[in-house]
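Listing of work.csv, CSV, N, CA and C atoms
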chain,number,residue,atom,x,y,z
Q,846,MET,N,0.8,-23.5,-15.0
Q,846,MET,CA,0.8,-22.2,-14.4
Q,846,MET,C,2.1,-21.5,-14.7
Q,847,THR,N,2.0,-20.2,-15.2
Q,847,THR,CA,3.2,-19.5,-15.6
Q,847,THR,C,3.9,-18.9,-14.4
Q,848,ALA,N,5.2,-18.5,-14.6
Q,848,ALA,CA,6.0,-18.0,-13.5
Q,848,ALA,C,5.3,-16.7,-12.9
Q,849,SER,N,4.8,-15.9,-13.7
Q,849,SER,CA,4.2,-14.6,-13.2
Q,849,SER,C,2.9,-14.9,-12.4
Q,850,THR,N,2.2,-15.9,-12.8
Q,850,THR,CA,1.0,-16.3,-12.1
Q,850,THR,C,1.4,-16.8,-10.7
Q,851,ALA,N,2.4,-17.7,-10.7
Q,851,ALA,CA,2.9,-18.2,-9.4
Q,851,ALA,C,3.4,-17.1,-8.5
Q,852,ASN,N,4.1,-16.1,-9.0
Q,852,ASN,CA,4.6,-15.0,-8.3
Q,852,ASN,C,3.4,-14.1,-7.8
Q,853,ASP,N,2.4,-13.9,-8.6
Q,853,ASP,CA,1.2,-13.1,-8.2
Q,853,ASP,C,0.5,-13.7,-7.0
Q,854,GLN,N,0.4,-15.1,-7.0
Q,854,GLN,CA,-0.2,-15.7,-5.8
Q,854,GLN,C,0.6,-15.8,-4.6
Q,855,ARG,N,1.9,-15.8,-4.8
Q,855,ARG,CA,2.9,-15.9,-3.7
Q,855,ARG,C,3.1,-14.6,-3.0
Q,856,PHE,N,3.1,-13.5,-3.7
Q,856,PHE,CA,3.4,-12.2,-3.1
Q,856,PHE,C,2.0,-11.5,-2.9
Q,857,ARG,N,1.8,-11.1,-1.7
Q,857,ARG,CA,0.5,-10.3,-1.4
Q,857,ARG,C,0.9,-8.9,-1.1
Q,858,GLU,N,0.2,-8.0,-1.7
Q,858,GLU,CA,0.4,-6.5,-1.5
Q,858,GLU,C,-0.6,-5.9,-0.6
Q,859,PHE,N,0.0,-5.1,0.3
Q,859,PHE,CA,-0.9,-4.4,1.3
Q,859,PHE,C,-1.0,-3.0,0.9
Q,860,LYS,N,-2.2,-2.5,0.7
Q,860,LYS,CA,-2.4,-1.1,0.3
Q,860,LYS,C,-2.7,-0.2,1.5
Q,861,MET,N,-2.3,1.1,1.3
Q,861,MET,CA,-2.6,2.0,2.4
Q,861,MET,C,-4.2,2.1,2.5
Q,862,PRO,N,-4.7,1.8,3.7
Q,862,PRO,CA,-6.1,1.8,3.9
Q,862,PRO,C,-6.6,3.2,4.3
Q,863,ASP,N,-7.8,3.5,4.2
Q,863,ASP,CA,-8.4,4.8,4.5
Q,863,ASP,C,-8.6,4.7,6.0
Q,864,VAL,N,-7.7,5.2,6.8
Q,864,VAL,CA,-7.7,5.1,8.3
Q,864,VAL,C,-8.4,6.3,8.9
Q,865,GLY,N,-8.7,7.3,8.1
Q,865,GLY,CA,-9.3,8.6,8.6
Q,865,GLY,C,-10.7,8.9,8.2
Q,866,GLU,N,-11.4,7.9,7.8
Q,866,GLU,CA,-12.8,8.0,7.4
Q,866,GLU,C,-13.0,9.1,6.3
Q,867,GLY,N,-12.4,8.8,5.1
Q,867,GLY,CA,-12.6,9.7,4.0
Q,867,GLY,C,-11.3,10.5,3.6
Q,868,LEU,N,-10.3,10.4,4.4
Q,868,LEU,CA,-9.1,11.1,4.0
Q,868,LEU,C,-8.4,10.4,2.8
Q,869,THR,N,-7.6,11.1,2.1
Q,869,THR,CA,-7.1,10.6,0.8
Q,869,THR,C,-5.6,10.2,0.9
Q,870,GLU,N,-4.9,10.5,2.0
Q,870,GLU,CA,-3.5,10.2,2.2
Q,870,GLU,C,-3.1,10.1,3.6
Q,871,ALA,N,-1.9,9.5,3.8
Q,871,ALA,CA,-1.4,9.3,5.1
Q,871,ALA,C,0.2,9.4,5.0
Q,872,GLU,N,0.8,9.8,6.0
Q,872,GLU,CA,2.3,9.9,6.1
Q,872,GLU,C,2.8,8.7,6.9
Q,873,ILE,N,3.8,8.0,6.3
Q,873,ILE,CA,4.4,6.8,7.0
Q,873,ILE,C,5.4,7.4,8.1
Q,874,LEU,N,5.1,7.2,9.3
Q,874,LEU,CA,5.9,7.7,10.4
Q,874,LEU,C,7.1,6.8,10.7
Q,875,LYS,N,6.8,5.5,10.8
Q,875,LYS,CA,7.8,4.5,11.3
Q,875,LYS,C,7.5,3.2,10.8
Q,876,TRP,N,8.5,2.5,10.2
Q,876,TRP,CA,8.4,1.0,9.9
Q,876,TRP,C,8.9,0.2,11.1
Q,877,TYR,N,8.1,-0.8,11.4
Q,877,TYR,CA,8.6,-1.7,12.5
Q,877,TYR,C,9.2,-3.0,11.9
Q,878,VAL,N,9.2,-3.2,10.6
Q,878,VAL,CA,9.7,-4.3,10.0
Q,878,VAL,C,10.6,-3.9,8.8
Q,879,GLN,N,11.5,-4.8,8.4
Q,879,GLN,CA,12.4,-4.6,7.2
Q,879,GLN,C,12.3,-5.8,6.3
Q,880,PRO,N,12.7,-5.6,5.0
Q,880,PRO,CA,12.7,-6.8,4.1
Q,880,PRO,C,13.5,-7.9,4.7
Q,881,GLY,N,12.8,-9.1,4.6
Q,881,GLY,CA,13.5,-10.3,5.2
Q,881,GLY,C,12.9,-10.7,6.6
Q,882,ASP,N,12.2,-9.8,7.2
Q,882,ASP,CA,11.6,-10.1,8.5
Q,882,ASP,C,10.3,-10.9,8.4
Q,883,THR,N,10.1,-11.9,9.3
Q,883,THR,CA,8.9,-12.7,9.3
Q,883,THR,C,7.8,-11.9,10.0
Q,884,VAL,N,6.6,-11.9,9.4
Q,884,VAL,CA,5.4,-11.3,9.9
Q,884,VAL,C,4.3,-12.3,10.0
Q,885,THR,N,3.4,-12.0,11.0
Q,885,THR,CA,2.2,-12.8,11.2
Q,885,THR,C,0.9,-12.0,11.1
Q,886,ASP,N,-0.1,-12.6,10.7
Q,886,ASP,CA,-1.4,-11.9,10.5
Q,886,ASP,C,-1.7,-11.2,11.8
Q,887,GLY,N,-2.0,-9.9,11.7
Q,887,GLY,CA,-2.3,-9.0,12.8
Q,887,GLY,C,-1.1,-8.3,13.4
Q,888,GLN,N,0.1,-8.6,13.0
Q,888,GLN,CA,1.3,-7.9,13.5
Q,888,GLN,C,1.3,-6.5,13.0
Q,889,VAL,N,1.6,-5.5,13.9
Q,889,VAL,CA,1.8,-4.1,13.5
Q,889,VAL,C,3.1,-4.0,12.7
Q,890,VAL,N,3.0,-3.4,11.5
Q,890,VAL,CA,4.2,-3.3,10.6
Q,890,VAL,C,4.6,-1.8,10.5
Q,891,CYS,N,3.7,-0.9,10.6
Q,891,CYS,CA,4.1,0.5,10.5
Q,891,CYS,C,3.1,1.4,11.3
Q,892,GLU,N,3.6,2.7,11.5
Q,892,GLU,CA,2.7,3.7,12.1
Q,892,GLU,C,2.6,4.8,11.0
Q,893,VAL,N,1.3,5.2,10.8
Q,893,VAL,CA,1.0,6.3,9.9
Q,893,VAL,C,0.3,7.4,10.5
Q,894,GLU,N,0.3,8.6,9.9
Q,894,GLU,CA,-0.4,9.7,10.5
Q,894,GLU,C,-1.2,10.4,9.4
Q,895,THR,N,-2.5,10.6,9.7
Q,895,THR,CA,-3.4,11.3,8.8
Q,895,THR,C,-3.6,12.7,9.4
Q,896,ALA,N,-4.5,13.5,8.8
Q,896,ALA,CA,-4.8,14.8,9.4
Q,896,ALA,C,-5.6,14.6,10.7
Q,897,LYS,N,-6.1,13.4,11.0
Q,897,LYS,CA,-6.9,13.2,12.2
Q,897,LYS,C,-6.2,12.5,13.3
Q,898,ALA,N,-5.3,11.6,13.0
Q,898,ALA,CA,-4.6,10.8,14.1
Q,898,ALA,C,-3.4,10.0,13.5
Q,899,ALA,N,-2.6,9.5,14.5
Q,899,ALA,CA,-1.5,8.6,14.2
Q,899,ALA,C,-2.0,7.2,14.6
Q,900,VAL,N,-1.9,6.3,13.7
Q,900,VAL,CA,-2.4,4.9,14.0
Q,900,VAL,C,-1.3,3.9,13.5
Q,901,GLU,N,-1.4,2.7,14.1
Q,901,GLU,CA,-0.5,1.6,13.7
Q,901,GLU,C,-1.3,0.7,12.8
Q,902,LEU,N,-0.6,0.2,11.7
Q,902,LEU,CA,-1.3,-0.7,10.8
Q,902,LEU,C,-0.8,-2.1,10.9
Q,903,PRO,N,-1.8,-3.0,11.1
Q,903,PRO,CA,-1.4,-4.5,11.2
Q,903,PRO,C,-1.5,-5.1,9.8
Q,904,ILE,N,-0.6,-6.0,9.6
Q,904,ILE,CA,-0.6,-6.7,8.3
Q,904,ILE,C,-1.6,-7.9,8.3
Q,905,PRO,N,-2.3,-8.1,7.2
Q,905,PRO,CA,-3.3,-9.2,7.2
Q,905,PRO,C,-2.8,-10.5,6.6
Q,906,TYR,N,-1.5,-10.7,6.6
Q,906,TYR,CA,-0.9,-11.9,6.0
Q,906,TYR,C,0.2,-12.5,6.9
Q,907,ASP,N,0.4,-13.8,6.8
Q,907,ASP,CA,1.6,-14.4,7.3
Q,907,ASP,C,2.6,-14.5,6.2
Q,908,GLY,N,3.9,-14.4,6.6
Q,908,GLY,CA,5.0,-14.5,5.5
Q,908,GLY,C,6.2,-13.8,5.9
Q,909,VAL,N,7.0,-13.4,4.9
Q,909,VAL,CA,8.2,-12.7,5.0
Q,909,VAL,C,8.1,-11.4,4.2
Q,910,VAL,N,8.5,-10.3,4.8
Q,910,VAL,CA,8.5,-9.0,4.1
Q,910,VAL,C,9.4,-9.1,2.9
Q,911,HIS,N,8.8,-8.8,1.7
Q,911,HIS,CA,9.6,-8.9,0.5
Q,911,HIS,C,10.1,-7.5,0.2
Q,912,GLU,N,9.2,-6.5,0.3
Q,912,GLU,CA,9.6,-5.1,-0.1
Q,912,GLU,C,8.8,-4.1,0.6
Q,913,LEU,N,9.5,-3.0,1.1
Q,913,LEU,CA,8.8,-1.8,1.6
Q,913,LEU,C,8.8,-0.8,0.4
Q,914,ASN,N,7.7,-0.3,0.0
Q,914,ASN,CA,7.6,0.5,-1.2
Q,914,ASN,C,7.9,2.0,-0.9
Q,915,PHE,N,7.9,2.4,0.3
Q,915,PHE,CA,8.1,3.8,0.7
Q,915,PHE,C,8.9,3.9,2.0
Q,916,GLY,N,9.6,4.9,2.1
Q,916,GLY,CA,10.4,5.2,3.3
Q,916,GLY,C,9.6,6.0,4.3
Q,917,GLU,N,10.2,6.1,5.5
Q,917,GLU,CA,9.6,6.9,6.6
Q,917,GLU,C,9.6,8.4,6.1
Q,918,GLY,N,8.5,9.1,6.5
Q,918,GLY,CA,8.3,10.5,6.2
Q,918,GLY,C,7.7,10.7,4.9
Q,919,VAL,N,7.3,9.7,4.1
Q,919,VAL,CA,6.7,9.8,2.8
Q,919,VAL,C,5.2,9.8,2.9
Q,920,THR,N,4.5,10.8,2.3
Q,920,THR,CA,3.1,10.8,2.2
Q,920,THR,C,2.6,9.9,1.1
Q,921,VAL,N,1.7,9.0,1.4
Q,921,VAL,CA,1.2,8.0,0.4
Q,921,VAL,C,-0.3,8.1,0.3
Q,922,ASP,N,-0.8,8.1,-1.0
Q,922,ASP,CA,-2.2,8.1,-1.2
Q,922,ASP,C,-2.9,6.8,-0.8
Q,923,VAL,N,-4.1,6.9,-0.3
Q,923,VAL,CA,-4.9,5.7,0.0
Q,923,VAL,C,-5.1,4.8,-1.2
Q,924,GLY,N,-4.9,3.5,-1.0
Q,924,GLY,CA,-5.0,2.6,-2.1
Q,924,GLY,C,-3.7,2.3,-2.8
Q,925,THR,N,-2.6,2.9,-2.4
Q,925,THR,CA,-1.3,2.7,-2.9
Q,925,THR,C,-0.6,1.5,-2.2
Q,926,VAL,N,0.0,0.6,-2.9
Q,926,VAL,CA,0.7,-0.5,-2.2
Q,926,VAL,C,1.9,0.0,-1.4
Q,927,ILE,N,1.9,-0.3,-0.1
Q,927,ILE,CA,3.0,0.2,0.7
Q,927,ILE,C,4.0,-0.9,1.1
Q,928,ILE,N,3.6,-2.2,1.1
Q,928,ILE,CA,4.4,-3.3,1.5
Q,928,ILE,C,4.0,-4.6,0.7
Q,929,SER,N,4.9,-5.4,0.4
Q,929,SER,CA,4.6,-6.7,-0.2
Q,929,SER,C,5.2,-7.8,0.7
Q,930,VAL,N,4.4,-8.9,0.8
Q,930,VAL,CA,4.8,-10.0,1.7
Q,930,VAL,C,4.8,-11.3,0.9
Q,931,ASP,N,5.9,-12.1,1.0
Q,931,ASP,CA,6.1,-13.4,0.4
Q,931,ASP,C,5.3,-14.4,1.3
Q,932,THR,N,4.2,-14.8,0.9
Q,932,THR,CA,3.4,-15.7,1.7
Q,932,THR,C,3.8,-17.2,1.7
Q,933,ASP,N,4.8,-17.5,0.8
Q,933,ASP,CA,5.3,-18.9,0.7
Q,933,ASP,C,6.8,-18.8,0.5
Q,934,PRO,N,7.6,-18.4,1.6
Q,934,PRO,CA,9.0,-18.2,1.5
Q,934,PRO,C,9.8,-19.5,1.3
Q,935,GLY,N,9.1,-20.6,1.6
Q,935,GLY,CA,9.8,-21.9,1.4
Q,935,GLY,C,9.8,-22.4,0.0
Q,936,ALA,N,9.1,-21.7,-0.9
Q,936,ALA,CA,9.0,-22.1,-2.3
Q,936,ALA,C,10.3,-21.8,-3.1
Q,937,GLY,N,11.3,-21.3,-2.5
Q,937,GLY,CA,12.6,-21.1,-3.2
Q,937,GLY,C,12.7,-19.6,-3.7
Q,938,PRO,N,13.7,-19.4,-4.6
Q,938,PRO,CA,13.9,-18.1,-5.1
Q,938,PRO,C,12.8,-17.6,-6.0
Q,939,VAL,N,12.7,-16.3,-6.1
Q,939,VAL,CA,11.6,-15.7,-6.9
Q,939,VAL,C,11.9,-16.0,-8.4
Q,940,ALA,N,10.8,-16.4,-9.0
Q,940,ALA,CA,10.9,-16.7,-10.5
Q,940,ALA,C,11.0,-15.4,-11.2
Q,941,PRO,N,11.7,-15.4,-12.3
Q,941,PRO,CA,11.8,-14.1,-13.1
Q,941,PRO,C,10.4,-13.9,-13.8
Q,942,ALA,N,10.1,-12.6,-14.1
Q,942,ALA,CA,8.9,-12.3,-14.8
Q,942,ALA,C,8.9,-12.9,-16.2
Q,943,ALA,N,7.7,-13.2,-16.7
Q,943,ALA,CA,7.6,-13.8,-18.0
Q,943,ALA,C,8.2,-12.9,-19.2
Q,944,ALA,N,7.9,-11.6,-19.1
Q,944,ALA,CA,8.4,-10.7,-20.1
Q,944,ALA,C,9.2,-9.6,-19.5
Q,945,PRO,N,10.3,-9.1,-20.1
Q,945,PRO,CA,11.0,-8.0,-19.6
Q,945,PRO,C,10.2,-6.7,-19.5
Q,946,ALA,N,10.5,-5.8,-18.6
Q,946,ALA,CA,9.7,-4.6,-18.4
Q,946,ALA,C,9.7,-3.8,-19.7
Q,947,ALA,N,10.7,-3.8,-20.4
Q,947,ALA,CA,10.8,-3.0,-21.6
Q,947,ALA,C,9.8,-3.4,-22.7
Q,948,GLU,N,9.3,-4.6,-22.6
Q,948,GLU,CA,8.3,-5.1,-23.6
Q,948,GLU,C,6.9,-5.0,-23.1
Q,949,ALA,N,6.7,-4.5,-21.9
Q,949,ALA,CA,5.4,-4.4,-21.3
Q,949,ALA,C,4.6,-3.3,-22.1
Q,950,PRO,N,3.3,-3.5,-22.2
Q,950,PRO,CA,2.5,-2.5,-22.9
Q,950,PRO,C,2.6,-1.2,-22.2
Q,951,ALA,N,2.5,-0.1,-22.9
Q,951,ALA,CA,2.6,1.2,-22.4
Q,951,ALA,C,1.4,1.5,-21.4
Q,952,ALA,N,1.7,2.1,-20.3
Q,952,ALA,CA,0.7,2.5,-19.3
Q,952,ALA,C,-0.2,3.6,-19.9
Q,953,PRO,N,-1.4,3.6,-19.5
Q,953,PRO,CA,-2.3,4.7,-20.0
Q,953,PRO,C,-1.8,6.0,-19.4
Q,954,ALA,N,-2.0,7.1,-20.2
Q,954,ALA,CA,-1.5,8.4,-19.7
Q,954,ALA,C,-2.2,8.8,-18.4
Q,955,ALA,N,-1.4,9.4,-17.5
Q,955,ALA,CA,-2.0,9.8,-16.3
Q,955,ALA,C,-2.9,11.0,-16.5
Q,956,PRO,N,-4.0,11.1,-15.8
Q,956,PRO,CA,-4.9,12.2,-15.9
Q,956,PRO,C,-4.3,13.5,-15.5
Q,957,GLU,N,-4.6,14.6,-16.1
Q,957,GLU,CA,-4.1,15.8,-15.7
Q,957,GLU,C,-4.6,16.2,-14.4
Q,958,GLU,N,-3.9,17.1,-13.7
Q,958,GLU,CA,-4.3,17.4,-12.3
Q,958,GLU,C,-5.6,18.2,-12.3
Q,959,ASP,N,-6.0,18.9,-13.4
Q,959,ASP,CA,-7.2,19.6,-13.4
Q,959,ASP,C,-8.4,18.8,-13.5
Q,960,GLU,N,-8.3,17.5,-14.0
Q,960,GLU,CA,-9.4,16.6,-14.2
Q,960,GLU,C,-9.9,16.1,-12.9
Q,961,GLU,N,-11.2,16.0,-12.8
Q,961,GLU,CA,-11.9,15.5,-11.6
Q,961,GLU,C,-12.0,14.0,-11.7
Q,962,PRO,N,-11.8,13.2,-10.7
Q,962,PRO,CA,-12.0,11.7,-10.8
Q,962,PRO,C,-13.4,11.4,-11.2
Q,963,GLN,N,-13.6,10.4,-12.0
Q,963,GLN,CA,-14.9,10.1,-12.5
Q,963,GLN,C,-15.5,9.0,-11.5
Q,964,GLY,N,-16.8,9.2,-11.2
Q,964,GLY,CA,-17.5,8.2,-10.4
Q,964,GLY,C,-17.1,8.2,-8.9
Q,965,ARG,N,-17.5,7.2,-8.2
Q,965,ARG,CA,-17.2,7.0,-6.8
Q,965,ARG,C,-15.8,6.4,-6.7
Q,966,GLN,N,-15.1,6.7,-5.6
Q,966,GLN,CA,-13.9,6.1,-5.3
Q,966,GLN,C,-14.1,5.2,-4.1
Q,967,ALA,N,-13.4,4.0,-4.1
Q,967,ALA,CA,-13.6,3.0,-3.1
Q,967,ALA,C,-13.0,3.5,-1.8
Q,968,VAL,N,-13.7,3.4,-0.7
Q,968,VAL,CA,-13.2,3.7,0.6
Q,968,VAL,C,-13.7,2.6,1.6
Q,969,LEU,N,-13.0,2.5,2.7
Q,969,LEU,CA,-13.3,1.5,3.7
Q,969,LEU,C,-14.5,1.9,4.6
Q,970,VAL,N,-14.7,3.2,4.8
Q,970,VAL,CA,-15.7,3.6,5.8
Q,970,VAL,C,-16.4,4.8,5.2
Q,971,GLY,N,-17.7,4.9,5.4
Q,971,GLY,CA,-18.4,6.1,5.0
Q,971,GLY,C,-18.7,6.2,3.5
Q,972,TYR,N,-19.0,7.4,3.0
Q,972,TYR,CA,-19.3,7.6,1.6
Q,972,TYR,C,-18.2,8.0,0.7
Q,973,GLY,N,-17.0,8.2,1.3
Q,973,GLY,CA,-15.9,8.6,0.6
Q,973,GLY,C,-15.6,10.1,0.7
Q,974,ALA,N,-14.5,10.6,0.2
Q,974,ALA,CA,-14.2,12.0,0.3
Q,974,ALA,C,-14.5,12.7,-1.0
Q,975,ALA,N,-14.9,13.9,-0.9
Q,975,ALA,CA,-15.1,14.7,-2.1
Q,975,ALA,C,-13.7,15.0,-2.6
Q,976,PRO,N,-13.4,15.1,-3.9
Q,976,PRO,CA,-12.1,15.2,-4.4
Q,976,PRO,C,-11.3,16.4,-3.8
Q,977,SER,N,-11.9,17.5,-3.5
Q,977,SER,CA,-11.2,18.7,-3.0
Q,977,SER,C,-11.5,19.1,-1.6
Q,978,SER,N,-12.3,18.2,-0.9
Q,978,SER,CA,-12.8,18.6,0.5
Q,978,SER,C,-11.8,18.3,1.6
Q,979,THR,N,-10.8,17.5,1.3
Q,979,THR,CA,-9.8,17.0,2.3
Q,979,THR,C,-8.5,17.8,2.2
Q,980,LYS,N,-8.1,18.4,3.2
Q,980,LYS,CA,-6.8,19.1,3.2
Q,980,LYS,C,-6.0,18.7,4.4
Q,981,ARG,N,-4.7,18.5,4.2
Q,981,ARG,CA,-3.8,18.2,5.3
Q,981,ARG,C,-3.4,19.5,6.1
Q,982,ARG,N,-3.3,19.4,7.4
Q,982,ARG,CA,-2.9,20.5,8.1
Q,982,ARG,C,-1.4,20.7,8.0
Q,983,PRO,N,-0.9,21.9,8.1
Q,983,PRO,CA,0.5,22.2,7.9
Q,983,PRO,C,1.4,21.6,9.0
Starting from the file, give its structure as structure tokens.
Amino acid sequence: MTASTANDQRFREFKMPDVGEGLTEAEILKWYVQPGDTVTDGQVVCEVETAKAAVELPIPYDGVVHELNFGEGVTVDVGTVIISVDTDPGAGPVAPAAAPAAEAPAAPAAPEEDEEPQGRQAVLVGYGAAPSSTKRRP
């Protein structure tokens, strides 16, 4: 098993869920944990607000918070990783990645803003949001 495979299994990423039945983004209002804090399955780690409501998000893993990817007050798209958890903190220090980031293959070009997303987008509830039907209130 390579170092990157071990790291991939050790660190679990929690993505912003669709908490508003078809909404495409949510704002992080408050973090209840910081890197280094121990978390348990079902523990509330942050509060987010959508155009419909403010809700608390529980983490689905046991472990130690490795990284918070966004600060408070930041609006995050559904499906974006917001927190990573080290599920095996007793395994020792984090192994370095197998290849430096500079040698990683180039990422595909981001689609232009005018382009419509192709096909269906994954959502937790309902049939999903039409690409331009959801607007945040001011």
- line: atom C of Ala898 (chain Q) to CA of Glu866 (chain Q) measures 11.4 Å
- request: Mind giving me the straight-line distance from atom C of Gly881 (chain Q) to atom N of Glu912 (chain Q) in Å, one decimal?
  value: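 About the pair atom C of Gly881 (chain Q) and atom N of Glu912 (chain Q): they are 8.4 Å apart.
Between atom N of Ala936 (chain Q) and atom C of Gly916 (chain Q) there is a distance of 28.2 Å.
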query: Which is closer to Ser929 (chain Q) than all the others in Q:Ala896, Q:Val889, Q:Gln879, Q:Ala871, using only C-alpha atoms?
result: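 The shortest atom-to-atom distance to Ser929 (chain Q) comes from Q:Gln879.
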